[in-house]
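This is start.csv (CSV, C-alpha atoms (C1' of nucleotides)).
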```
chain,number,residue,atom,x,y,z
N,20,MET,CA,0.0,0.0,0.0
N,21,GLU,CA,3.0,2.1,0.3
N,22,THR,CA,3.4,2.1,-3.4
N,23,PRO,CA,0.7,3.9,-5.4
N,24,ALA,CA,2.1,2.2,-8.5
N,25,ASP,CA,1.1,4.9,-10.9
N,26,PRO,CA,2.5,3.7,-14.2
N,27,VAL,CA,1.9,7.0,-16.0
N,28,ARG,CA,3.8,9.0,-13.4
N,29,GLU,CA,6.5,6.4,-13.3
N,30,ALA,CA,6.9,6.6,-17.1
N,31,ARG,CA,7.1,10.4,-16.9
N,32,LEU,CA,9.7,10.2,-14.2
N,33,ASP,CA,11.6,7.7,-16.4
N,34,ALA,CA,11.6,10.1,-19.3
N,35,VAL,CA,12.5,13.2,-17.3
N,36,PHE,CA,15.4,11.6,-15.4
N,37,ALA,CA,16.7,9.8,-18.5
N,38,ALA,CA,16.6,13.1,-20.4
N,39,LEU,CA,18.6,14.8,-17.6
N,40,ALA,CA,21.2,12.1,-17.6
N,41,ASP,CA,23.2,13.6,-20.4
N,42,PRO,CA,25.5,16.7,-20.2
N,43,THR,CA,24.6,17.8,-23.7
N,44,ARG,CA,20.9,17.9,-22.8
N,45,ARG,CA,21.5,19.6,-19.5
N,46,ALA,CA,23.5,22.2,-21.4
N,47,ILE,CA,20.7,22.7,-23.8
N,48,LEU,CA,18.3,23.3,-21.0
N,49,ALA,CA,20.7,25.8,-19.5
N,50,MET,CA,20.9,27.6,-22.8
N,51,LEU,CA,17.1,27.7,-23.0
N,52,LEU,CA,16.9,28.9,-19.5
N,53,GLU,CA,18.2,32.2,-20.7
N,54,ASP,CA,16.2,32.6,-23.9
N,55,ASP,CA,14.2,30.7,-26.5
N,56,MET,CA,16.3,29.5,-29.4
N,57,ALA,CA,16.0,28.0,-32.8
N,58,VAL,CA,17.2,24.4,-33.3
N,59,THR,CA,20.2,25.5,-35.4
N,60,ASP,CA,21.3,28.1,-32.8
N,61,VAL,CA,20.9,25.5,-30.1
N,62,ALA,CA,23.2,23.2,-32.0
N,63,ALA,CA,25.8,25.8,-32.8
N,64,PRO,CA,28.0,25.6,-29.7
N,65,PHE,CA,28.2,21.8,-29.7
N,66,ASP,CA,30.8,19.8,-31.4
N,67,MET,CA,28.5,17.3,-33.1
N,68,SER,CA,26.2,17.2,-36.1
N,69,LEU,CA,22.9,18.9,-36.3
N,70,PRO,CA,20.8,15.7,-36.3
N,71,ALA,CA,22.5,14.6,-33.1
N,72,VAL,CA,21.5,17.8,-31.4
N,73,ALA,CA,18.0,17.6,-32.9
N,74,LYS,CA,17.7,14.1,-31.4
N,75,HIS,CA,18.7,15.5,-28.0
N,76,ILE,CA,16.1,18.1,-28.4
N,77,SER,CA,13.4,15.6,-29.3
N,78,VAL,CA,14.3,13.6,-26.2
N,79,LEU,CA,13.8,16.7,-24.1
N,80,VAL,CA,10.5,17.4,-25.9
N,81,ARG,CA,9.2,13.8,-25.3
N,82,ALA,CA,10.2,14.2,-21.7
N,83,GLY,CA,8.1,17.3,-21.5
N,84,LEU,CA,11.0,19.5,-20.6
N,85,ILE,CA,10.8,21.8,-23.6
N,86,ARG,CA,8.2,22.8,-26.1
N,87,GLN,CA,8.7,23.5,-29.8
N,88,ASP,CA,7.0,26.1,-31.8
N,89,ARG,CA,7.4,25.9,-35.5
N,90,ARG,CA,7.1,29.4,-37.0
N,91,GLY,CA,8.0,29.6,-40.7
N,92,ARG,CA,11.0,27.5,-41.3
N,93,VAL,CA,12.5,27.8,-37.9
N,94,THR,CA,11.3,25.9,-34.9
N,95,TRP,CA,11.7,27.6,-31.7
N,96,CYS,CA,12.6,25.8,-28.5
N,97,GLN,CA,11.3,26.9,-25.2
N,98,LEU,CA,11.8,25.7,-21.7
N,99,ASP,CA,8.8,24.0,-20.0
N,100,PRO,CA,9.7,23.6,-16.3
N,101,ASP,CA,6.5,21.8,-15.4
N,102,ALA,CA,7.7,18.2,-15.9
N,103,LEU,CA,10.9,19.1,-14.1
N,104,ARG,CA,9.0,20.4,-11.2
N,105,GLU,CA,7.3,17.0,-10.8
N,106,ALA,CA,10.6,15.2,-10.8
N,107,SER,CA,12.0,17.7,-8.4
N,108,GLY,CA,9.0,17.0,-6.2
N,109,TRP,CA,10.0,13.3,-6.2
N,110,MET,CA,13.5,14.2,-5.1
N,111,LEU,CA,12.1,16.5,-2.4
N,112,ALA,CA,10.2,13.5,-1.0
N,113,PHE,CA,13.6,12.0,-0.3
N,114,GLY,CA,14.9,15.2,1.0
N,115,GLN,CA,12.4,15.0,3.8
N,116,ILE,CA,14.6,12.7,5.8
N,117,ASP,CA,17.2,15.4,5.8
N,118,ALA,CA,16.7,18.8,4.5
N,119,ILE,CA,18.1,19.4,1.1
N,120,ASP,CA,20.2,22.3,2.5
N,121,LEU,CA,22.2,22.9,-0.6
N,122,ASP,CA,24.9,25.2,0.3
N,123,GLY,CA,24.1,28.8,-0.2
N,124,LEU,CA,20.8,28.5,-1.9
N,125,GLU,CA,18.8,28.3,1.2
N,126,ARG,CA,20.6,31.3,2.7
N,127,PHE,CA,20.1,33.1,-0.6
N,128,LEU,CA,16.4,32.5,-0.5
N,129,ALA,CA,16.4,33.5,3.2
N,130,ALA,CA,18.1,36.7,2.3
N,131,GLU,CA,15.7,37.4,-0.6
N,132,LEU,CA,12.7,36.6,1.5
N,133,ALA,CA,14.0,38.7,4.4
N,134,GLY,CA,14.0,41.7,2.3
N,135,ASP,CA,10.6,40.9,0.8
N,136,MET,CA,8.8,39.1,3.6
N,137,VAL,CA,6.7,36.7,1.7
N,138,ALA,CA,3.9,35.3,3.6
N,139,GLU,CA,5.6,32.0,4.0
N,140,ALA,CA,3.9,31.4,7.3
N,141,GLY,CA,0.6,30.8,5.5
N,142,GLY,CA,2.3,29.0,2.7
N,143,ALA,CA,4.1,26.6,4.9
N,144,ALA,CA,3.0,23.2,3.8
N,145,PRO,CA,1.9,21.2,6.8
N,146,GLY,CA,2.6,17.9,5.0
N,147,PRO,CA,6.3,17.7,4.1
N,148,PRO,CA,8.1,17.8,7.4
N,149,GLY,CA,10.5,20.6,7.3
N,150,TYR,CA,12.1,21.2,4.0
N,151,LEU,CA,12.0,24.8,3.3
N,152,GLY,CA,9.7,27.4,4.6
N,153,LYS,CA,10.1,26.3,8.1
N,154,ASP,CA,11.3,28.9,10.6
N,155,GLU,CA,14.8,28.1,9.9
N,156,GLU,CA,17.5,30.2,11.5
N,157,VAL,CA,17.8,33.1,9.2
N,158,SER,CA,21.3,34.5,9.6
N,159,LEU,CA,20.6,37.5,7.5
N,160,PRO,CA,19.2,40.8,8.6
L,4,MET,CA,26.8,31.7,-18.9
L,5,GLU,CA,29.0,31.2,-15.8
L,6,THR,CA,29.1,27.5,-16.3
L,7,PRO,CA,32.4,26.4,-14.9
L,8,ALA,CA,32.2,23.2,-17.0
L,9,ASP,CA,33.2,21.1,-14.1
L,10,PRO,CA,33.6,17.6,-15.6
L,11,VAL,CA,33.6,15.8,-12.3
L,12,ARG,CA,30.3,17.3,-11.3
L,13,GLU,CA,28.9,16.7,-14.7
L,14,ALA,CA,29.8,13.0,-14.5
L,15,ARG,CA,28.3,12.8,-11.0
L,16,LEU,CA,25.0,14.3,-12.3
L,17,ASP,CA,25.1,11.9,-15.2
L,18,ALA,CA,25.4,9.0,-12.9
L,19,VAL,CA,22.7,10.2,-10.5
L,20,PHE,CA,20.1,11.0,-13.1
L,21,ALA,CA,20.8,7.9,-15.0
L,22,ALA,CA,20.4,5.9,-11.8
L,23,LEU,CA,17.1,7.6,-11.1
L,24,ALA,CA,15.8,6.9,-14.6
L,25,ASP,CA,14.6,3.5,-13.8
L,26,PRO,CA,11.5,2.6,-11.8
L,27,THR,CA,13.1,-0.4,-10.2
L,28,ARG,CA,15.9,1.7,-8.8
L,29,ARG,CA,13.6,4.4,-7.6
L,30,ALA,CA,11.6,1.7,-5.8
L,31,ILE,CA,14.8,0.4,-4.2
L,32,LEU,CA,15.5,3.9,-3.0
L,33,ALA,CA,12.0,4.2,-1.6
L,34,MET,CA,12.4,1.0,0.2
L,35,LEU,CA,15.8,2.0,1.7
L,36,LEU,CA,14.2,5.3,2.7
L,37,GLU,CA,12.3,3.4,5.4
L,38,ASP,CA,15.1,1.1,6.6
L,39,ASP,CA,18.4,-0.4,5.8
L,40,MET,CA,18.1,-3.7,4.0
L,41,ALA,CA,20.1,-6.7,2.9
L,42,VAL,CA,20.6,-7.3,-0.8
L,43,THR,CA,18.4,-10.4,-0.7
L,44,ASP,CA,15.6,-8.6,1.1
L,45,VAL,CA,15.8,-5.7,-1.4
L,46,ALA,CA,15.4,-8.1,-4.2
L,47,ALA,CA,12.6,-10.0,-2.7
L,48,PRO,CA,9.6,-7.9,-3.9
L,49,PHE,CA,10.8,-7.7,-7.5
L,50,ASP,CA,9.9,-10.0,-10.2
L,51,MET,CA,13.4,-10.5,-11.5
L,52,SER,CA,16.4,-12.5,-10.6
L,53,LEU,CA,18.7,-11.7,-7.8
L,54,PRO,CA,21.7,-10.8,-10.0
L,55,ALA,CA,19.5,-8.3,-11.8
L,56,VAL,CA,18.6,-6.5,-8.6
L,57,ALA,CA,22.2,-6.7,-7.5
L,58,LYS,CA,23.2,-4.9,-10.7
L,59,HIS,CA,20.6,-2.2,-10.0
L,60,ILE,CA,22.0,-1.8,-6.5
L,61,SER,CA,25.5,-1.5,-7.9
L,62,VAL,CA,24.3,1.2,-10.3
L,63,LEU,CA,23.0,3.1,-7.3
L,64,VAL,CA,26.2,2.6,-5.4
L,65,ARG,CA,28.3,3.9,-8.3
L,66,ALA,CA,26.0,6.9,-8.5
L,67,GLY,CA,26.7,7.5,-4.8
L,68,LEU,CA,23.0,7.2,-3.9
L,69,ILE,CA,23.4,4.3,-1.5
L,70,ARG,CA,26.3,2.8,0.5
L,71,GLN,CA,26.9,-0.9,1.1
L,72,ASP,CA,28.3,-2.3,4.3
L,73,ARG,CA,29.3,-5.9,4.3
L,74,ARG,CA,28.8,-7.5,7.7
L,75,GLY,CA,29.3,-11.1,7.8
L,76,ARG,CA,27.9,-12.7,4.8
L,77,VAL,CA,25.1,-10.2,4.3
L,78,THR,CA,25.8,-6.8,2.7
L,79,TRP,CA,23.6,-4.0,4.0
L,80,CYS,CA,22.3,-1.3,1.8
L,81,GLN,CA,21.9,2.2,3.2
L,82,LEU,CA,20.6,5.3,1.6
L,83,ASP,CA,23.2,8.1,1.1
L,84,PRO,CA,21.3,11.3,0.3
L,85,ASP,CA,24.4,13.4,-0.5
L,86,ALA,CA,24.5,12.7,-4.2
L,87,LEU,CA,20.8,13.1,-4.4
L,88,ARG,CA,21.1,16.5,-2.7
L,89,GLU,CA,23.4,17.7,-5.4
L,90,ALA,CA,21.2,16.6,-8.2
L,91,SER,CA,18.1,18.0,-6.5
L,92,GLY,CA,19.9,21.3,-6.2
L,93,TRP,CA,20.4,21.3,-9.9
L,94,MET,CA,16.7,20.6,-10.5
L,95,LEU,CA,15.6,23.3,-8.0
L,96,ALA,CA,17.6,25.8,-10.0
L,97,PHE,CA,15.5,24.9,-13.1
L,98,GLY,CA,12.2,23.9,-11.8
L,99,GLN,CA,11.4,26.6,-9.3
L,100,ILE,CA,13.8,29.4,-9.9
L,101,ASP,CA,13.7,31.6,-13.0
L,102,ALA,CA,16.6,32.6,-15.1
L,103,ILE,CA,17.1,35.9,-13.3
L,104,ASP,CA,17.3,34.1,-10.0
L,105,LEU,CA,20.2,32.1,-11.2
L,106,ASP,CA,22.1,35.2,-11.9
L,107,GLY,CA,21.1,36.5,-8.6
L,108,LEU,CA,22.2,33.3,-6.9
L,109,GLU,CA,25.6,33.6,-8.6
L,110,ARG,CA,26.0,37.1,-7.5
L,111,PHE,CA,24.9,36.2,-4.0
L,112,LEU,CA,27.3,33.4,-3.7
L,113,ALA,CA,30.1,35.4,-5.2
L,114,ALA,CA,29.4,38.2,-2.7
L,115,GLU,CA,29.3,35.7,0.2
L,116,LEU,CA,32.5,34.1,-0.9
L,117,ALA,CA,34.1,37.5,-0.9
L,118,GLY,CA,32.9,38.0,2.6
L,119,ASP,CA,31.1,41.0,1.4
L,120,MET,CA,27.4,40.7,2.0
L,121,VAL,CA,26.7,43.9,0.2
L,122,ALA,CA,23.7,44.1,-2.0
L,123,GLU,CA,24.6,45.1,-5.5
L,124,ALA,CA,24.3,48.8,-5.6
L,125,GLY,CA,21.6,50.0,-7.9
L,126,GLY,CA,21.6,46.6,-9.5
L,127,ALA,CA,18.0,46.2,-8.6
L,128,ALA,CA,18.2,42.7,-7.2
L,129,PRO,CA,15.7,40.6,-9.1
L,130,GLY,CA,13.5,39.4,-6.4
L,131,PRO,CA,12.5,35.8,-6.9
L,132,PRO,CA,9.1,36.2,-8.5
L,133,GLY,CA,7.1,33.7,-6.5
L,134,TYR,CA,9.7,31.2,-5.6
L,135,LEU,CA,7.8,29.8,-2.7
L,136,GLY,CA,4.7,31.1,-4.1
L,137,LYS,CA,4.5,28.1,-6.3
L,138,ASP,CA,2.0,25.7,-4.8
L,139,GLU,CA,4.5,23.1,-4.3
L,140,GLU,CA,2.7,20.0,-3.1
L,141,VAL,CA,5.3,17.4,-2.3
L,142,SER,CA,3.8,14.0,-2.2
L,143,LEU,CA,5.4,10.7,-1.5
L,144,PRO,CA,6.5,8.7,-4.4
X,23,DG,C1',33.8,-31.5,7.7
X,24,DG,C1',29.6,-30.7,5.4
X,25,DC,C1',25.8,-28.1,4.0
X,26,DA,C1',22.8,-24.2,3.5
X,27,DT,C1',22.7,-19.2,2.9
X,28,DG,C1',24.0,-14.7,0.9
X,29,DT,C1',26.2,-12.5,-2.8
X,30,DT,C1',28.9,-12.0,-6.7
X,31,DC,C1',30.9,-13.4,-11.3
X,32,DA,C1',30.9,-14.6,-16.1
X,33,DA,C1',28.8,-15.4,-20.4
X,34,DC,C1',25.4,-14.4,-23.3
X,35,DC,C1',21.3,-12.1,-25.5
X,36,DA,C1',18.1,-8.4,-27.0
X,37,DT,C1',17.4,-3.8,-27.0
X,38,DC,C1',18.3,1.0,-26.5
X,39,DC,C1',21.4,5.1,-27.0
X,40,DG,C1',24.4,8.5,-29.0
X,41,DG,C1',26.6,9.5,-32.9
X,42,DT,C1',27.5,9.6,-38.0
X,43,DT,C1',26.3,10.4,-43.0
X,44,DG,C1',23.3,11.2,-47.0
X,45,DA,C1',19.0,12.1,-48.9
X,46,DC,C1',14.9,14.6,-48.3
X,47,DT,C1',11.0,18.1,-47.3
X,48,DG,C1',9.6,23.0,-46.9
X,49,DA,C1',9.8,27.8,-46.4
X,50,DT,C1',12.6,32.3,-47.9
X,51,DG,C1',14.1,35.3,-51.0
X,52,DG,C1',16.8,37.2,-55.1
M,13,DC,C1',12.5,29.6,-61.0
M,14,DC,C1',16.2,28.3,-58.5
M,15,DA,C1',19.3,28.4,-54.9
M,16,DT,C1',19.6,28.4,-50.0
M,17,DC,C1',18.5,27.9,-45.4
M,18,DA,C1',16.2,25.1,-41.4
M,19,DG,C1',15.2,20.9,-40.0
M,20,DT,C1',13.8,16.1,-40.3
M,21,DC,C1',14.2,11.2,-41.8
M,22,DA,C1',16.4,6.8,-42.5
M,23,DA,C1',19.9,3.6,-42.3
M,24,DC,C1',23.8,2.3,-40.0
M,25,DC,C1',27.4,1.5,-36.3
M,26,DG,C1',29.7,0.8,-31.7
M,27,DG,C1',28.9,0.6,-27.1
M,28,DA,C1',26.1,0.7,-23.0
M,29,DT,C1',21.9,-1.4,-20.4
M,30,DG,C1',18.8,-4.7,-18.5
M,31,DG,C1',17.8,-9.1,-18.2
M,32,DT,C1',18.8,-14.2,-18.1
M,33,DT,C1',21.3,-18.6,-16.5
M,34,DG,C1',24.8,-21.4,-14.2
M,35,DA,C1',28.7,-21.5,-11.6
M,36,DA,C1',31.7,-19.8,-7.9
M,37,DC,C1',33.0,-17.7,-3.5
M,38,DA,C1',32.3,-16.7,1.1
M,39,DT,C1',30.4,-17.2,5.6
M,40,DG,C1',27.4,-19.2,9.3
M,41,DC,C1',25.7,-23.3,11.5
M,42,DC,C1',25.1,-28.3,12.8
```
What would the structure in this file look like if it were written as structure tokens?
Amino acid sequence: METPADPVREARLDAVFAALADPTRRAILAMLLEDDMAVTDVAAPFDMSLPAVAKHISVLVRAGLIRQDRRGRVTWCQLDPDALREASGWMLAFGQIDAIDLDGLERFLAAELAGDMVAEAGGAAPGPPGYLGKDEEVSLP
Amino acid sequence: METPADPVREARLDAVFAALADPTRRAILAMLLEDDMAVTDVAAPFDMSLPAVAKHISVLVRAGLIRQDRRGRVTWCQLDPDALREASGWMLAFGQIDAIDLDGLERFLAAELAGDMVAEAGGAAPGPPGYLGKDEEVSLP
DNA sequence: GGCATGTTCAACCATCCGGTTGACTGATGG
DNA sequence: CCATCAGTCAACCGGATGGTTGAACATGCC
């Protein structure tokens, strides 16, 4: 009973993690993080053929990590972080045993939130036991 | 981008994401999340041979996701969340933070490393537009 | 010693993955 | 119209993966 055994979700996680398990594809995502790009421009910095990069892009599309928008003869690639959010939620479930606590990020967020007091008290999820959003010691003014 | 092109970290991310891209291995991790287990007990619920599961375990070990401790003739498997933490940090950067935030994070870390907590003057720190505002509903796998 | 238990090793097989090249379709524009 | 640019398709190749089986170590117990 501990396993919901949701095959759809499992398949999506398969696709997302498999797509992320390649430095070229992660680099593509990093590029698209800054701006939408055409396929040819995505392929430009890589030392491989265009079809190879196009394959990588199609892997990312099938994983739901990017969307493609064909306009004229160029097809634009655009990041779609929804699928990634689901996978990151899976990882957070493991982080519950011990807070993710990646160095600096938490303090960065604390700093940002300190200057901009987001109502995190109300947004504090009661379910996940203490990941972020708890009243962590904020060492920033 | 400020990508340092760290090949070691890239290889680690490769291994971790590739290890996660398999439902059997994710299930193994979920089992070990509750308790340490022997290899045979890990393999018990799966409908495949013991060597197959042992291979999956060795993939997880090589990815740094679990540790093995051979005591007597049974080898105990234990979750090791460090590697997962690094990968989840990578995903957090994409899934929940926007591009501007990455730059902000870089500046923040740079400033902190410099021991100089100064806010960038006039730089108009890009406040994270709804970082925690996302209705992040972490659910168990 | 002898035997059962826990785990790994070694071949072997089918399939997938990442890359190539070459031909192909389709929109742009002189 | 014809050349060119953007991108895909198809076939192919080498190597990694995921699974099997059968044998080989080890160790614990009688």
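Any residue of chain N with an atom no more than 6 Å from chain L counts as a contact; using all atoms listed in the file, that gives Asp33, Phe36, Ala37, Ala40, Asp41, Leu52, Glu53, Pro100, Leu103, Arg104, Ser107, Gly108, Ala112 and Ile119 of chain N.
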Chain N residues near chain X (8 Å cut-off, all atoms listed in the file) as a PyMOL selection string
chain N and resi 68+71+91-92
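Shortest separation to chain M among L:Val42, L:Leu35, L:Val77, L:Val64 occurs at residue L:Val77, atoms counted being only C-alpha atoms (C1' of nucleotides).
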Please report as an MDAnalysis selection string which residues of chain N come no farther than 12 Å from chain M, using all atoms listed in the file.
chainID N and resid 57:60 62 69:74 76:77 89:95
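Taking CA of His59 (chain L) and CA of Ile31 (chain L) as endpoints, the distance between them is 8.6 Å.
Relative to CA of Asp25 (chain N), CA of Ile69 (chain L) is found at 24.2 Å.
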Can you fill out region 66-77 of chain N with all heavy atoms and hand it back as a PDB file, in the frame of the given file?
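Output (selection-v6.pdb):
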```
ATOM      1  N   ASP N  66      29.896  20.353 -30.442  1.00  0.00           N
ATOM      2  CA  ASP N  66      30.800  19.800 -31.400  1.00  0.00           C
ATOM      3  C   ASP N  66      30.239  18.444 -31.917  1.00  0.00           C
ATOM      4  O   ASP N  66      30.851  17.389 -31.802  1.00  0.00           O
ATOM      5  CB  ASP N  66      32.174  19.509 -30.715  1.00  0.00           C
ATOM      6  CG  ASP N  66      33.240  19.152 -31.731  1.00  0.00           C
ATOM      7  OD1 ASP N  66      32.996  19.394 -32.920  1.00  0.00           O
ATOM      8  OD2 ASP N  66      34.288  18.611 -31.332  1.00  0.00           O
ATOM      9  N   MET N  67      29.062  18.543 -32.466  1.00  0.00           N
ATOM     10  CA  MET N  67      28.500  17.300 -33.100  1.00  0.00           C
ATOM     11  C   MET N  67      27.503  17.805 -34.156  1.00  0.00           C
ATOM     12  O   MET N  67      27.212  18.988 -34.296  1.00  0.00           O
ATOM     13  CB  MET N  67      27.728  16.526 -31.994  1.00  0.00           C
ATOM     14  CG  MET N  67      26.522  17.189 -31.394  1.00  0.00           C
ATOM     15  SD  MET N  67      25.721  16.202 -30.106  1.00  0.00           S
ATOM     16  CE  MET N  67      26.840  16.363 -28.751  1.00  0.00           C
ATOM     17  N   SER N  68      27.032  16.826 -34.901  1.00  0.00           N
ATOM     18  CA  SER N  68      26.200  17.200 -36.100  1.00  0.00           C
ATOM     19  C   SER N  68      24.870  17.721 -35.630  1.00  0.00           C
ATOM     20  O   SER N  68      24.426  17.527 -34.497  1.00  0.00           O
ATOM     21  CB  SER N  68      26.012  15.933 -36.927  1.00  0.00           C
ATOM     22  OG  SER N  68      25.244  14.984 -36.235  1.00  0.00           O
ATOM     23  N   LEU N  69      24.211  18.384 -36.560  1.00  0.00           N
ATOM     24  CA  LEU N  69      22.900  18.900 -36.300  1.00  0.00           C
ATOM     25  C   LEU N  69      21.857  17.869 -35.946  1.00  0.00           C
ATOM     26  O   LEU N  69      21.098  18.011 -34.982  1.00  0.00           O
ATOM     27  CB  LEU N  69      22.438  19.825 -37.427  1.00  0.00           C
ATOM     28  CG  LEU N  69      21.034  20.401 -37.327  1.00  0.00           C
ATOM     29  CD1 LEU N  69      20.899  21.294 -36.112  1.00  0.00           C
ATOM     30  CD2 LEU N  69      20.670  21.184 -38.579  1.00  0.00           C
ATOM     31  N   PRO N  70      21.809  16.778 -36.704  1.00  0.00           N
ATOM     32  CA  PRO N  70      20.800  15.700 -36.300  1.00  0.00           C
ATOM     33  C   PRO N  70      21.035  15.195 -34.936  1.00  0.00           C
ATOM     34  O   PRO N  70      20.063  14.861 -34.264  1.00  0.00           O
ATOM     35  CB  PRO N  70      21.076  14.649 -37.402  1.00  0.00           C
ATOM     36  CG  PRO N  70      21.580  15.387 -38.574  1.00  0.00           C
ATOM     37  CD  PRO N  70      22.418  16.488 -38.015  1.00  0.00           C
ATOM     38  N   ALA N  71      22.272  15.116 -34.505  1.00  0.00           N
ATOM     39  CA  ALA N  71      22.500  14.600 -33.100  1.00  0.00           C
ATOM     40  C   ALA N  71      21.867  15.558 -32.125  1.00  0.00           C
ATOM     41  O   ALA N  71      21.158  15.105 -31.213  1.00  0.00           O
ATOM     42  CB  ALA N  71      24.014  14.528 -32.888  1.00  0.00           C
ATOM     43  N   VAL N  72      22.081  16.856 -32.297  1.00  0.00           N
ATOM     44  CA  VAL N  72      21.500  17.800 -31.400  1.00  0.00           C
ATOM     45  C   VAL N  72      19.953  17.786 -31.497  1.00  0.00           C
ATOM     46  O   VAL N  72      19.231  17.865 -30.488  1.00  0.00           O
ATOM     47  CB  VAL N  72      22.024  19.220 -31.621  1.00  0.00           C
ATOM     48  CG1 VAL N  72      21.344  20.219 -30.719  1.00  0.00           C
ATOM     49  CG2 VAL N  72      23.527  19.246 -31.416  1.00  0.00           C
ATOM     50  N   ALA N  73      19.479  17.637 -32.728  1.00  0.00           N
ATOM     51  CA  ALA N  73      18.000  17.600 -32.900  1.00  0.00           C
ATOM     52  C   ALA N  73      17.440  16.376 -32.179  1.00  0.00           C
ATOM     53  O   ALA N  73      16.342  16.450 -31.609  1.00  0.00           O
ATOM     54  CB  ALA N  73      17.703  17.502 -34.400  1.00  0.00           C
ATOM     55  N   LYS N  74      18.193  15.281 -32.177  1.00  0.00           N
ATOM     56  CA  LYS N  74      17.700  14.100 -31.400  1.00  0.00           C
ATOM     57  C   LYS N  74      17.659  14.438 -29.938  1.00  0.00           C
ATOM     58  O   LYS N  74      16.691  14.077 -29.256  1.00  0.00           O
ATOM     59  CB  LYS N  74      18.653  12.924 -31.662  1.00  0.00           C
ATOM     60  CG  LYS N  74      18.348  12.113 -32.893  1.00  0.00           C
ATOM     61  CD  LYS N  74      19.148  10.805 -32.852  1.00  0.00           C
ATOM     62  CE  LYS N  74      19.202  10.122 -34.184  1.00  0.00           C
ATOM     63  NZ  LYS N  74      20.075   8.910 -34.144  1.00  0.00           N
ATOM     64  N   HIS N  75      18.691  15.082 -29.438  1.00  0.00           N
ATOM     65  CA  HIS N  75      18.700  15.500 -28.000  1.00  0.00           C
ATOM     66  C   HIS N  75      17.463  16.330 -27.713  1.00  0.00           C
ATOM     67  O   HIS N  75      16.783  16.130 -26.702  1.00  0.00           O
ATOM     68  CB  HIS N  75      19.965  16.207 -27.673  1.00  0.00           C
ATOM     69  CG  HIS N  75      21.132  15.311 -27.458  1.00  0.00           C
ATOM     70  ND1 HIS N  75      21.155  14.324 -26.498  1.00  0.00           N
ATOM     71  CD2 HIS N  75      22.338  15.234 -28.065  1.00  0.00           C
ATOM     72  CE1 HIS N  75      22.311  13.683 -26.530  1.00  0.00           C
ATOM     73  NE2 HIS N  75      23.052  14.214 -27.479  1.00  0.00           N
ATOM     74  N   ILE N  76      17.215  17.271 -28.607  1.00  0.00           N
ATOM     75  CA  ILE N  76      16.100  18.100 -28.400  1.00  0.00           C
ATOM     76  C   ILE N  76      14.773  17.337 -28.371  1.00  0.00           C
ATOM     77  O   ILE N  76      13.889  17.560 -27.527  1.00  0.00           O
ATOM     78  CB  ILE N  76      16.030  19.244 -29.465  1.00  0.00           C
ATOM     79  CG1 ILE N  76      17.218  20.199 -29.287  1.00  0.00           C
ATOM     80  CG2 ILE N  76      14.729  20.014 -29.416  1.00  0.00           C
ATOM     81  CD1 ILE N  76      17.299  21.282 -30.332  1.00  0.00           C
ATOM     82  N   SER N  77      14.678  16.378 -29.277  1.00  0.00           N
ATOM     83  CA  SER N  77      13.400  15.600 -29.300  1.00  0.00           C
ATOM     84  C   SER N  77      13.282  14.764 -28.065  1.00  0.00           C
ATOM     85  O   SER N  77      12.160  14.526 -27.592  1.00  0.00           O
ATOM     86  CB  SER N  77      13.403  14.755 -30.584  1.00  0.00           C
ATOM     87  OG  SER N  77      13.620  13.411 -30.291  1.00  0.00           O
TER      88      SER N  77
END
```
